[in-house]
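Shown below: run16.cif, with mmCIF, C-alpha atoms and all ligand atoms.
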data_target
loop_
_atom_site.label_atom_id
_atom_site.label_comp_id
_atom_site.auth_asym_id
_atom_site.auth_seq_id
_atom_site.Cartn_x
_atom_site.Cartn_y
_atom_site.Cartn_z
CA MET A 18 0.00 0.00 0.00
CA ALA A 19 2.55 2.54 1.17
CA LYS A 20 4.97 1.72 -1.63
CA THR A 21 2.25 2.25 -4.25
CA ILE A 22 0.96 5.49 -2.76
CA GLY A 23 4.56 6.74 -2.76
CA GLY A 24 6.26 9.76 -1.20
CA LYS A 25 8.89 9.44 1.50
CA LEU A 26 8.11 6.35 3.55
CA TYR A 27 8.63 5.99 7.29
CA SER A 28 7.93 2.92 9.37
CA ILE A 29 5.89 3.48 12.54
CA PRO A 30 7.86 0.87 14.58
CA GLN A 31 11.13 2.62 13.60
CA LEU A 32 9.75 6.11 14.34
CA LEU A 33 8.67 4.90 17.79
CA LYS A 34 12.08 3.34 18.36
CA ASP A 35 13.86 6.58 17.35
CA LYS A 36 11.31 8.74 19.20
CA GLN A 37 10.81 10.75 16.00
CA PHE A 38 7.48 12.48 16.45
CA ASN A 39 7.49 15.79 14.52
CA PHE A 40 5.98 15.83 11.05
CA GLU A 41 5.56 18.86 8.84
CA ASP A 42 4.79 18.63 5.12
CA ASP A 43 2.16 19.61 2.56
CA ILE A 44 0.75 16.08 2.48
CA VAL A 45 1.09 13.55 5.30
CA GLY A 46 -0.53 10.10 5.25
CA PHE A 47 -0.89 7.21 7.68
CA ILE A 48 -1.18 3.62 6.50
CA PHE A 49 -1.82 0.73 8.88
CA PRO A 50 -3.65 -2.58 9.25
CA ILE A 51 -7.03 -2.54 11.01
CA TYR A 52 -7.13 -4.70 14.15
CA SER A 53 -10.33 -5.51 15.97
CA LEU A 54 -12.21 -2.81 13.99
CA GLY A 55 -9.74 -0.22 15.29
CA LEU A 56 -6.10 0.81 15.31
CA PRO A 57 -3.25 -1.50 16.34
CA LYS A 58 -1.92 -0.43 19.75
CA ILE A 59 1.43 0.77 18.38
CA VAL A 60 -0.33 2.97 15.83
CA GLN A 61 -2.46 4.43 18.61
CA LYS A 62 0.64 5.06 20.73
CA PHE A 63 2.37 6.70 17.76
CA LEU A 64 -0.56 9.04 17.05
CA GLU A 65 -0.78 9.98 20.72
CA ASN A 66 2.84 11.17 20.61
CA ILE A 67 3.19 12.98 17.29
CA LYS A 68 3.07 16.66 16.43
CA LEU A 69 1.60 17.19 12.98
CA LYS A 70 1.52 20.13 10.57
CA SER A 71 0.17 19.54 7.09
CA THR A 72 -2.25 21.07 4.62
CA TYR A 73 -3.69 17.73 3.48
CA THR A 74 -3.78 14.61 5.67
CA PHE A 75 -4.97 11.14 4.71
CA ALA A 76 -5.21 7.72 6.33
CA VAL A 77 -5.69 4.30 4.74
CA GLY A 78 -6.42 1.14 6.71
CA THR A 79 -5.96 -2.36 5.30
CA TYR A 80 -8.45 -4.97 6.47
CA GLY A 81 -9.60 -8.50 5.70
CA ASN A 82 -13.37 -8.55 6.20
CA MET A 83 -14.88 -5.60 8.03
CA HIS A 84 -13.35 -2.23 8.92
CA GLY A 85 -16.31 -0.98 10.97
CA PRO A 86 -15.95 2.54 12.36
CA CYS A 87 -12.13 2.55 12.45
CA MET A 88 -11.57 5.30 9.89
CA TYR A 89 -14.52 7.40 11.06
CA ASN A 90 -13.33 7.21 14.68
CA LEU A 91 -9.83 8.19 13.59
CA SER A 92 -11.20 11.33 11.95
CA LYS A 93 -12.91 12.21 15.25
CA ASP A 94 -9.66 11.62 17.16
CA PHE A 95 -7.93 13.99 14.76
CA ILE A 96 -10.49 16.71 15.49
CA LYS A 97 -9.90 16.26 19.26
CA LYS A 98 -6.19 16.91 18.63
CA GLY A 99 -6.94 20.05 16.60
CA TRP A 100 -6.00 18.42 13.28
CA ARG A 101 -8.10 17.60 10.25
CA LEU A 102 -8.16 14.25 8.50
CA ASN A 103 -9.09 15.20 4.93
CA TYR A 104 -9.40 11.77 3.42
CA ALA A 105 -9.77 8.29 4.91
CA ASP A 106 -10.38 4.97 3.22
CA ALA A 107 -10.02 1.27 3.95
CA ILE A 108 -8.89 -1.37 1.49
CA LEU A 109 -9.99 -5.00 1.59
CA MET A 110 -7.04 -7.42 1.48
CA VAL A 111 -6.15 -10.92 2.72
CA ASP A 112 -7.32 -11.47 6.32
CA ASN A 113 -4.24 -12.74 8.16
CA TYR A 114 -6.01 -13.29 11.51
CA LEU A 115 -5.07 -16.95 11.99
CA PRO A 116 -7.53 -17.88 14.79
CA ILE A 117 -10.51 -17.22 12.51
CA PHE A 118 -9.32 -17.41 8.90
CA GLU A 119 -7.78 -20.22 6.87
CA MET A 120 -5.04 -18.74 4.67
CA SER A 121 -5.60 -20.89 1.57
CA ASN A 122 -9.29 -19.86 1.56
CA GLN A 123 -8.22 -16.27 2.02
CA LEU A 124 -5.80 -16.50 -0.91
CA ASN A 125 -8.66 -17.80 -3.07
CA THR A 126 -10.62 -14.62 -2.31
CA VAL A 127 -7.89 -12.24 -3.51
CA GLU A 128 -9.14 -11.98 -7.07
CA ASN A 129 -12.66 -11.01 -5.95
CA LYS A 130 -11.35 -8.28 -3.71
CA HIS A 131 -10.13 -6.16 -6.69
CA ILE A 132 -7.23 -4.87 -4.61
CA ASP A 133 -5.30 -3.23 -7.49
CA LYS A 134 -8.40 -1.41 -8.76
CA HIS A 135 -9.27 -0.07 -5.31
CA LEU A 136 -5.66 0.89 -4.65
CA LYS A 137 -5.55 2.85 -7.91
CA GLU A 138 -8.74 4.71 -6.89
CA ILE A 139 -7.17 5.55 -3.53
CA VAL A 140 -3.96 6.82 -5.18
CA ASP A 141 -6.03 8.99 -7.57
CA ASN A 142 -8.14 10.32 -4.69
CA ILE A 143 -5.02 11.33 -2.78
CA LYS A 144 -3.47 12.94 -5.89
CA ASN A 145 -6.68 14.92 -6.40
CA LYS A 146 -6.75 15.82 -2.68
CA LYS A 147 -10.21 14.38 -2.24
CA ASN A 148 -12.02 15.19 1.00
CA SER A 149 -14.10 12.30 2.35
CA ILE A 150 -14.41 10.12 5.46
CA PRO A 151 -16.43 6.86 5.50
CA ALA A 152 -19.67 7.25 7.48
CA ILE A 153 -20.86 4.68 10.03
CA THR A 154 -24.28 3.38 11.03
CA ILE A 155 -25.73 2.79 14.53
CA MET A 156 -25.65 -0.98 13.83
CA GLU A 157 -21.90 -0.79 13.09
CA ARG A 158 -21.35 1.04 16.38
CA ILE A 159 -23.26 -1.65 18.31
CA PHE A 160 -21.45 -4.48 16.52
CA THR A 161 -18.08 -2.83 17.19
CA ALA A 162 -18.80 -2.51 20.92
CA LEU A 163 -19.62 -6.23 20.95
CA VAL A 164 -16.46 -7.20 19.03
CA HIS A 165 -14.31 -5.07 21.33
CA SER A 166 -15.73 -6.74 24.41
CA LEU A 167 -15.04 -10.20 22.91
CA LEU A 168 -11.64 -9.46 21.34
CA SER A 169 -9.98 -7.40 24.05
CA LYS A 170 -8.35 -10.55 25.45
CA PRO A 171 -6.62 -11.87 22.30
CA LEU A 172 -5.18 -8.40 21.72
CA ASP A 173 -3.67 -7.99 25.18
CA GLY A 174 0.12 -8.30 25.30
CA LYS A 175 0.11 -11.62 27.15
CA SER A 176 -1.49 -13.50 24.26
CA ALA A 177 2.09 -14.44 23.29
CA GLN A 178 1.82 -17.22 25.85
CA LYS A 179 -0.38 -18.96 23.31
CA TYR A 180 2.48 -19.54 20.86
CA ILE A 181 3.99 -22.98 20.45
CA ILE A 182 7.47 -23.40 18.92
CA ASN A 183 7.96 -26.82 17.37
CA GLU A 184 11.10 -28.86 16.73
CA ASN A 185 11.60 -27.31 13.24
CA CYS A 186 12.99 -24.14 14.85
CA ASN A 187 16.66 -23.69 13.92
CA LYS A 188 17.07 -20.43 15.91
CA CYS A 189 17.55 -18.38 12.72
CA GLY A 190 16.30 -15.26 14.56
CA THR A 191 13.85 -14.12 11.85
CA CYS A 192 10.91 -14.02 14.29
CA SER A 193 12.82 -11.68 16.56
CA LYS A 194 13.80 -9.40 13.65
CA VAL A 195 10.27 -9.06 12.22
CA CYS A 196 8.66 -8.30 15.56
CA PRO A 197 7.58 -4.63 15.62
CA THR A 198 7.67 -4.46 19.43
CA GLY A 199 10.94 -6.30 20.14
CA ASN A 200 8.93 -8.96 21.98
CA ILE A 201 11.05 -12.00 21.05
CA GLU A 202 14.42 -13.03 22.49
CA ILE A 203 16.40 -15.93 21.04
CA GLU A 204 18.24 -17.75 23.80
CA ASP A 205 18.51 -21.49 24.26
CA LYS A 206 14.82 -21.31 23.43
CA ILE A 207 12.51 -18.67 21.88
CA ILE A 208 11.23 -16.36 24.60
CA PHE A 209 8.15 -14.14 24.13
CA GLY A 210 7.74 -11.05 26.33
CA ASN A 211 4.49 -9.38 27.26
CA VAL A 212 4.24 -6.61 24.65
CA CYS A 213 2.77 -8.72 21.85
CA GLU A 214 0.51 -6.87 19.37
CA SER A 215 -0.83 -10.19 18.01
CA CYS A 216 0.27 -9.07 14.57
CA TYR A 217 1.29 -12.69 13.79
CA GLY A 218 4.28 -11.41 11.81
CA CYS A 219 6.54 -13.91 13.58
CA VAL A 220 4.05 -16.73 12.91
CA HIS A 221 3.53 -15.96 9.21
CA LEU A 222 7.18 -15.23 8.44
CA CYS A 223 9.06 -17.98 10.28
CA PRO A 224 11.04 -19.68 7.47
CA GLN A 225 10.61 -23.08 9.18
CA ASN A 226 6.88 -22.63 9.90
CA ALA A 227 7.82 -23.48 13.49
CA ILE A 228 5.55 -21.02 15.34
CA HIS A 229 1.96 -22.07 15.90
CA LEU A 230 -1.09 -20.76 17.71
CA ARG A 231 -3.09 -23.22 19.78
CA ASN A 232 -6.21 -21.99 18.03
CA GLU A 233 -5.00 -21.46 14.45
CA LYS A 234 -7.34 -22.55 11.64
CA SER A 235 -4.51 -24.23 9.69
CA ASN A 236 -0.73 -24.22 9.39
CA ILE A 237 -0.75 -22.35 6.07
CA ARG A 238 0.98 -18.97 6.24
CA PHE A 239 0.81 -15.77 4.19
CA ARG A 240 3.16 -12.98 3.16
CA ASN A 241 2.08 -10.26 0.75
CA GLU A 242 4.16 -10.87 -2.40
CA ASN A 243 4.70 -7.12 -2.88
CA ILE A 244 6.96 -6.86 0.14
CA THR A 245 10.16 -8.79 0.83
CA LEU A 246 11.12 -10.34 4.14
CA GLN A 247 14.11 -7.99 4.19
CA GLU A 248 11.83 -4.94 3.83
CA ILE A 249 9.66 -6.19 6.69
CA ILE A 250 12.76 -6.68 8.86
CA GLN A 251 13.98 -3.16 8.03
CA SER A 252 10.57 -1.71 8.89
CA ASN A 253 9.96 -3.67 12.06
CA SER A 254 13.21 -4.70 13.71
CA GLN A 255 13.77 -3.19 17.14
CA ARG A 256 17.27 -4.73 17.41
C1 LIG B 301 -4.86 -9.04 15.55
C2 LIG B 301 -5.57 -8.84 14.26
C3 LIG B 301 -6.83 -8.28 14.24
C4 LIG B 301 -7.51 -8.07 13.04
N1 LIG B 301 -8.74 -7.48 13.07
C5 LIG B 301 -9.41 -7.28 11.91
C6 LIG B 301 -10.70 -6.66 11.90
O1 LIG B 301 -11.26 -6.28 12.92
N2 LIG B 301 -11.34 -6.52 10.72
C7 LIG B 301 -10.77 -6.93 9.55
O2 LIG B 301 -11.42 -6.79 8.51
N3 LIG B 301 -9.54 -7.48 9.50
C8 LIG B 301 -8.84 -7.67 10.66
N4 LIG B 301 -7.59 -8.24 10.64
C9 LIG B 301 -6.96 -8.53 9.33
C10 LIG B 301 -5.97 -7.45 8.91
O3 LIG B 301 -6.49 -6.17 9.10
C11 LIG B 301 -5.60 -7.61 7.44
O4 LIG B 301 -5.18 -8.91 7.19
C12 LIG B 301 -4.51 -6.59 7.06
O5 LIG B 301 -4.43 -6.51 5.66
C13 LIG B 301 -3.15 -6.96 7.66
O6 LIG B 301 -2.16 -6.09 7.23
P1 LIG B 301 -0.60 -6.40 7.50
O7 LIG B 301 -0.29 -7.58 6.63
O8 LIG B 301 0.09 -5.15 7.07
O9 LIG B 301 -0.45 -6.71 8.94
C14 LIG B 301 -6.91 -8.45 11.82
C15 LIG B 301 -5.63 -9.03 11.82
C16 LIG B 301 -4.96 -9.24 13.01
C17 LIG B 301 -3.59 -9.87 12.98
S1 LIG B 302 11.89 -17.63 12.87
FE1 LIG B 302 11.21 -19.71 13.27
S2 LIG B 302 13.02 -20.96 12.95
FE2 LIG B 302 13.73 -18.86 13.15
S3 LIG B 302 14.18 -18.63 15.35
FE3 LIG B 302 12.08 -17.97 15.08
S4 LIG B 302 10.84 -19.77 15.47
FE4 LIG B 302 12.92 -20.47 15.13
S1 LIG B 303 5.83 -10.48 15.78
FE1 LIG B 303 4.94 -12.08 17.10
S2 LIG B 303 5.57 -11.54 19.19
FE2 LIG B 303 5.92 -9.74 17.90
S3 LIG B 303 4.06 -8.54 18.16
FE3 LIG B 303 3.77 -9.77 16.32
S4 LIG B 303 2.74 -11.65 17.06
FE4 LIG B 303 3.58 -10.61 18.86
#
Represent the structure from my file as structure tokens, please.
Ligand SMILES: Cc1cc2nc3c(=O)[nH]c(=O)nc-3n(C[C@H](O)[C@H](O)[C@H](O)COP(=O)(O)O)c2cc1C
Ligand code: SF4
Ligand code: SF4
Amino acid sequence: MAKTIGGKLYSIPQLLKDKQFNFEDDIVGFIFPIYSLGLPKIVQKFLENIKLKSTYTFAVGTYGNMHGPCMYNLSKDFIKKGWRLNYADAILMVDNYLPIFEMSNQLNTVENKHIDKHLKEIVDNIKNKKNSIPAITIMERIFTALVHSLLSKPLDGKSAQKYIINENCNKCGTCSKVCPTGNIEIEDKIIFGNVCESCYGCVHLCPQNAIHLRNEKSNIRFRNENITLQEIIQSNSQR
């Protein structure tokens, strides 16, 4: 998404690591995955810390099934901070949430999601400095409150205790390097801390497919073919 939209790219995990929080430019955009119909915790933390000056601001969330009020709520948060979110959109992609979705089924849905077409529309909208924020209905608000009450547990940092490392692990260290919160230490075994975002980056990207969730739908994994493992490491590594 970010590579296609273009401009100078910054990674939120790296900006947090470097405590780089001041942004001033004509156009500033935020691109992130949607978790639990809202923002991932590190994106929230980042937005709480930044100082922003721009004439046109946009945000795009990627999601797998339902984005709910995420983008609308973000526009309200911007107003509370004295900023204006000019344009927000959400783009339907592969749902990588392993406890609910089976990755080979998800991959079969890619064609029907018309990702490239939607992405092109988003790029054109940003170029033309479109002003629009997705609206939400009362039903979406109610559904979101329900989802948040059910999903708050999987998204708490201690969910890492649910990971199982099998005998295929060769201690290559990839899981530790792709973790955006520096939550994984490689010692005589793989040790998870308690700041897990449940992004499942370590699970999807382990070259040995050695990391498993107790409640995963299958052992098939996914990485977007438009981004290399090395790029993910550069964006995420806290080491
Ligand atoms: C912890 C977690 C929660 C998610 N919650 C939602 C959700 O509420 N709605 C949705 O449509 N997709 C949800 N997804 C799917 C992601 O938003 C989607 O796969 C996104 O494209 C992932 O982007 P990434 O590969 O950059 O992480 C969730 C994924 C994870 C890992
Ligand atoms: S990425 Fe997989 S194989 Fe490599 S250290 Fe982590 S769990 Fe082990
Ligand atoms: S990479 Fe693994 S340990 Fe790190 S935040 Fe994501 S799911 Fe949690």
Go through the chains and note each residue within 7 Å of ligand LIG 301 (chain B), using only C-alpha atoms and all ligand atoms, then give the set as a ChimeraX atom specification.
/A:49-55,79-84,110-114,172,214-217,241
Write to file, as a PDB file, in the coordinates of the input, the residues of the selection just made, with C-alpha atoms.
ATOM      1  CA  PHE A  49      -1.820   0.730   8.880  1.00  0.00           C
ATOM      2  CA  PRO A  50      -3.650  -2.580   9.250  1.00  0.00           C
ATOM      3  CA  ILE A  51      -7.030  -2.540  11.010  1.00  0.00           C
ATOM      4  CA  TYR A  52      -7.130  -4.700  14.150  1.00  0.00           C
ATOM      5  CA  SER A  53     -10.330  -5.510  15.970  1.00  0.00           C
ATOM      6  CA  LEU A  54     -12.210  -2.810  13.990  1.00  0.00           C
ATOM      7  CA  GLY A  55      -9.740  -0.220  15.290  1.00  0.00           C
ATOM      8  CA  THR A  79      -5.960  -2.360   5.300  1.00  0.00           C
ATOM      9  CA  TYR A  80      -8.450  -4.970   6.470  1.00  0.00           C
ATOM     10  CA  GLY A  81      -9.600  -8.500   5.700  1.00  0.00           C
ATOM     11  CA  ASN A  82     -13.370  -8.550   6.200  1.00  0.00           C
ATOM     12  CA  MET A  83     -14.880  -5.600   8.030  1.00  0.00           C
ATOM     13  CA  HIS A  84     -13.350  -2.230   8.920  1.00  0.00           C
ATOM     14  CA  MET A 110      -7.040  -7.420   1.480  1.00  0.00           C
ATOM     15  CA  VAL A 111      -6.150 -10.920   2.720  1.00  0.00           C
ATOM     16  CA  ASP A 112      -7.320 -11.470   6.320  1.00  0.00           C
ATOM     17  CA  ASN A 113      -4.240 -12.740   8.160  1.00  0.00           C
ATOM     18  CA  TYR A 114      -6.010 -13.290  11.510  1.00  0.00           C
ATOM     19  CA  LEU A 172      -5.180  -8.400  21.720  1.00  0.00           C
ATOM     20  CA  GLU A 214       0.510  -6.870  19.370  1.00  0.00           C
ATOM     21  CA  SER A 215      -0.830 -10.190  18.010  1.00  0.00           C
ATOM     22  CA  CYS A 216       0.270  -9.070  14.570  1.00  0.00           C
ATOM     23  CA  TYR A 217       1.290 -12.690  13.790  1.00  0.00           C
ATOM     24  CA  ASN A 241       2.080 -10.260   0.750  1.00  0.00           C
TER      25      ASN A 241
END
Within 9 Å of stretch 185-204 of chain A, which residues of stretch 209-251 of chain A show up? Give each one with its shortest atom-to-atom distance in Å (one decimal) and the two atoms involved, counting all atoms listed in the file, rows by chain then rising residue number, as CSV.
residue,atom,partner,partner_atom,distance
A:Phe209,CA,A:Ile201,CA,4.7
A:Gly210,CA,A:Asn200,CA,5.0
A:Asn211,CA,A:Asn200,CA,6.9
A:Val212,CA,A:Asn200,CA,5.9
A:Cys213,CA,A:Asn200,CA,6.2
A:Glu214,CA,A:Thr198,CA,7.6
A:Cys216,CA,A:Cys196,CA,8.5
A:Tyr217,CA,A:Cys196,CA,8.8
A:Gly218,CA,A:Val195,CA,6.4
A:Cys219,CA,A:Cys192,CA,4.4
A:Val220,CA,A:Cys192,CA,7.5
A:Leu222,CA,A:Cys192,CA,7.0
A:Cys223,CA,A:Cys192,CA,5.9
A:Pro224,CA,A:Thr191,CA,7.6
A:Gln225,CA,A:Asn185,CA,5.9
A:Asn226,CA,A:Asn185,CA,7.4
A:Ala227,CA,A:Cys186,CA,5.4
A:Ile228,CA,A:Cys186,CA,8.1
A:Leu246,CA,A:Val195,CA,8.2
A:Gln247,CA,A:Val195,CA,9.0
A:Ile249,CA,A:Val195,CA,6.3
A:Ile250,CA,A:Val195,CA,4.8
A:Gln251,CA,A:Val195,CA,8.1
Suppose you want the space between atom CA of A:Lys68 and atom CA of A:Ala107; what is it in Å?
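Taking atom CA of A:Lys68 and atom CA of A:Ala107, their separation equals 23.7 Å.
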Nearest to ligand LIG 302 (chain B): which of A:Ile207, A:Ile44, A:Ala76, A:Leu115 is it, counting all atoms listed in the file?
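Closest to ligand LIG 302 (chain B) of all the choices is A:Ile207.
Nearest-residue note for A:Val45: choosing from A:Pro86, A:Gly24, A:Gly99, A:Pro151, the minimum distance belongs to A:Gly24, counting all atoms listed in the file.
Residues in contact with A:Glu128 at 12 Å, where all atoms listed in the file are counted and same-chain residues fewer than 4 positions away are skipped, are listed as A:Leu109, A:Met110, A:Val111, A:Asn122, A:Gln123, A:Leu124, A:Ile132, A:Asp133, A:Lys134.
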By how many Å are atom CA of A:Asn183 and atom S2 of ligand LIG 302 (chain B) apart?
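Separating atom CA of A:Asn183 from atom S2 of ligand LIG 302 (chain B) is a distance of 8.9 Å.
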Here is a test: counting all atoms listed in the file, which residue of A:Asn236, A:Ile159, A:Glu184, A:Ile139 is nearest to ligand LIG 302 (chain B)?
A:Glu184
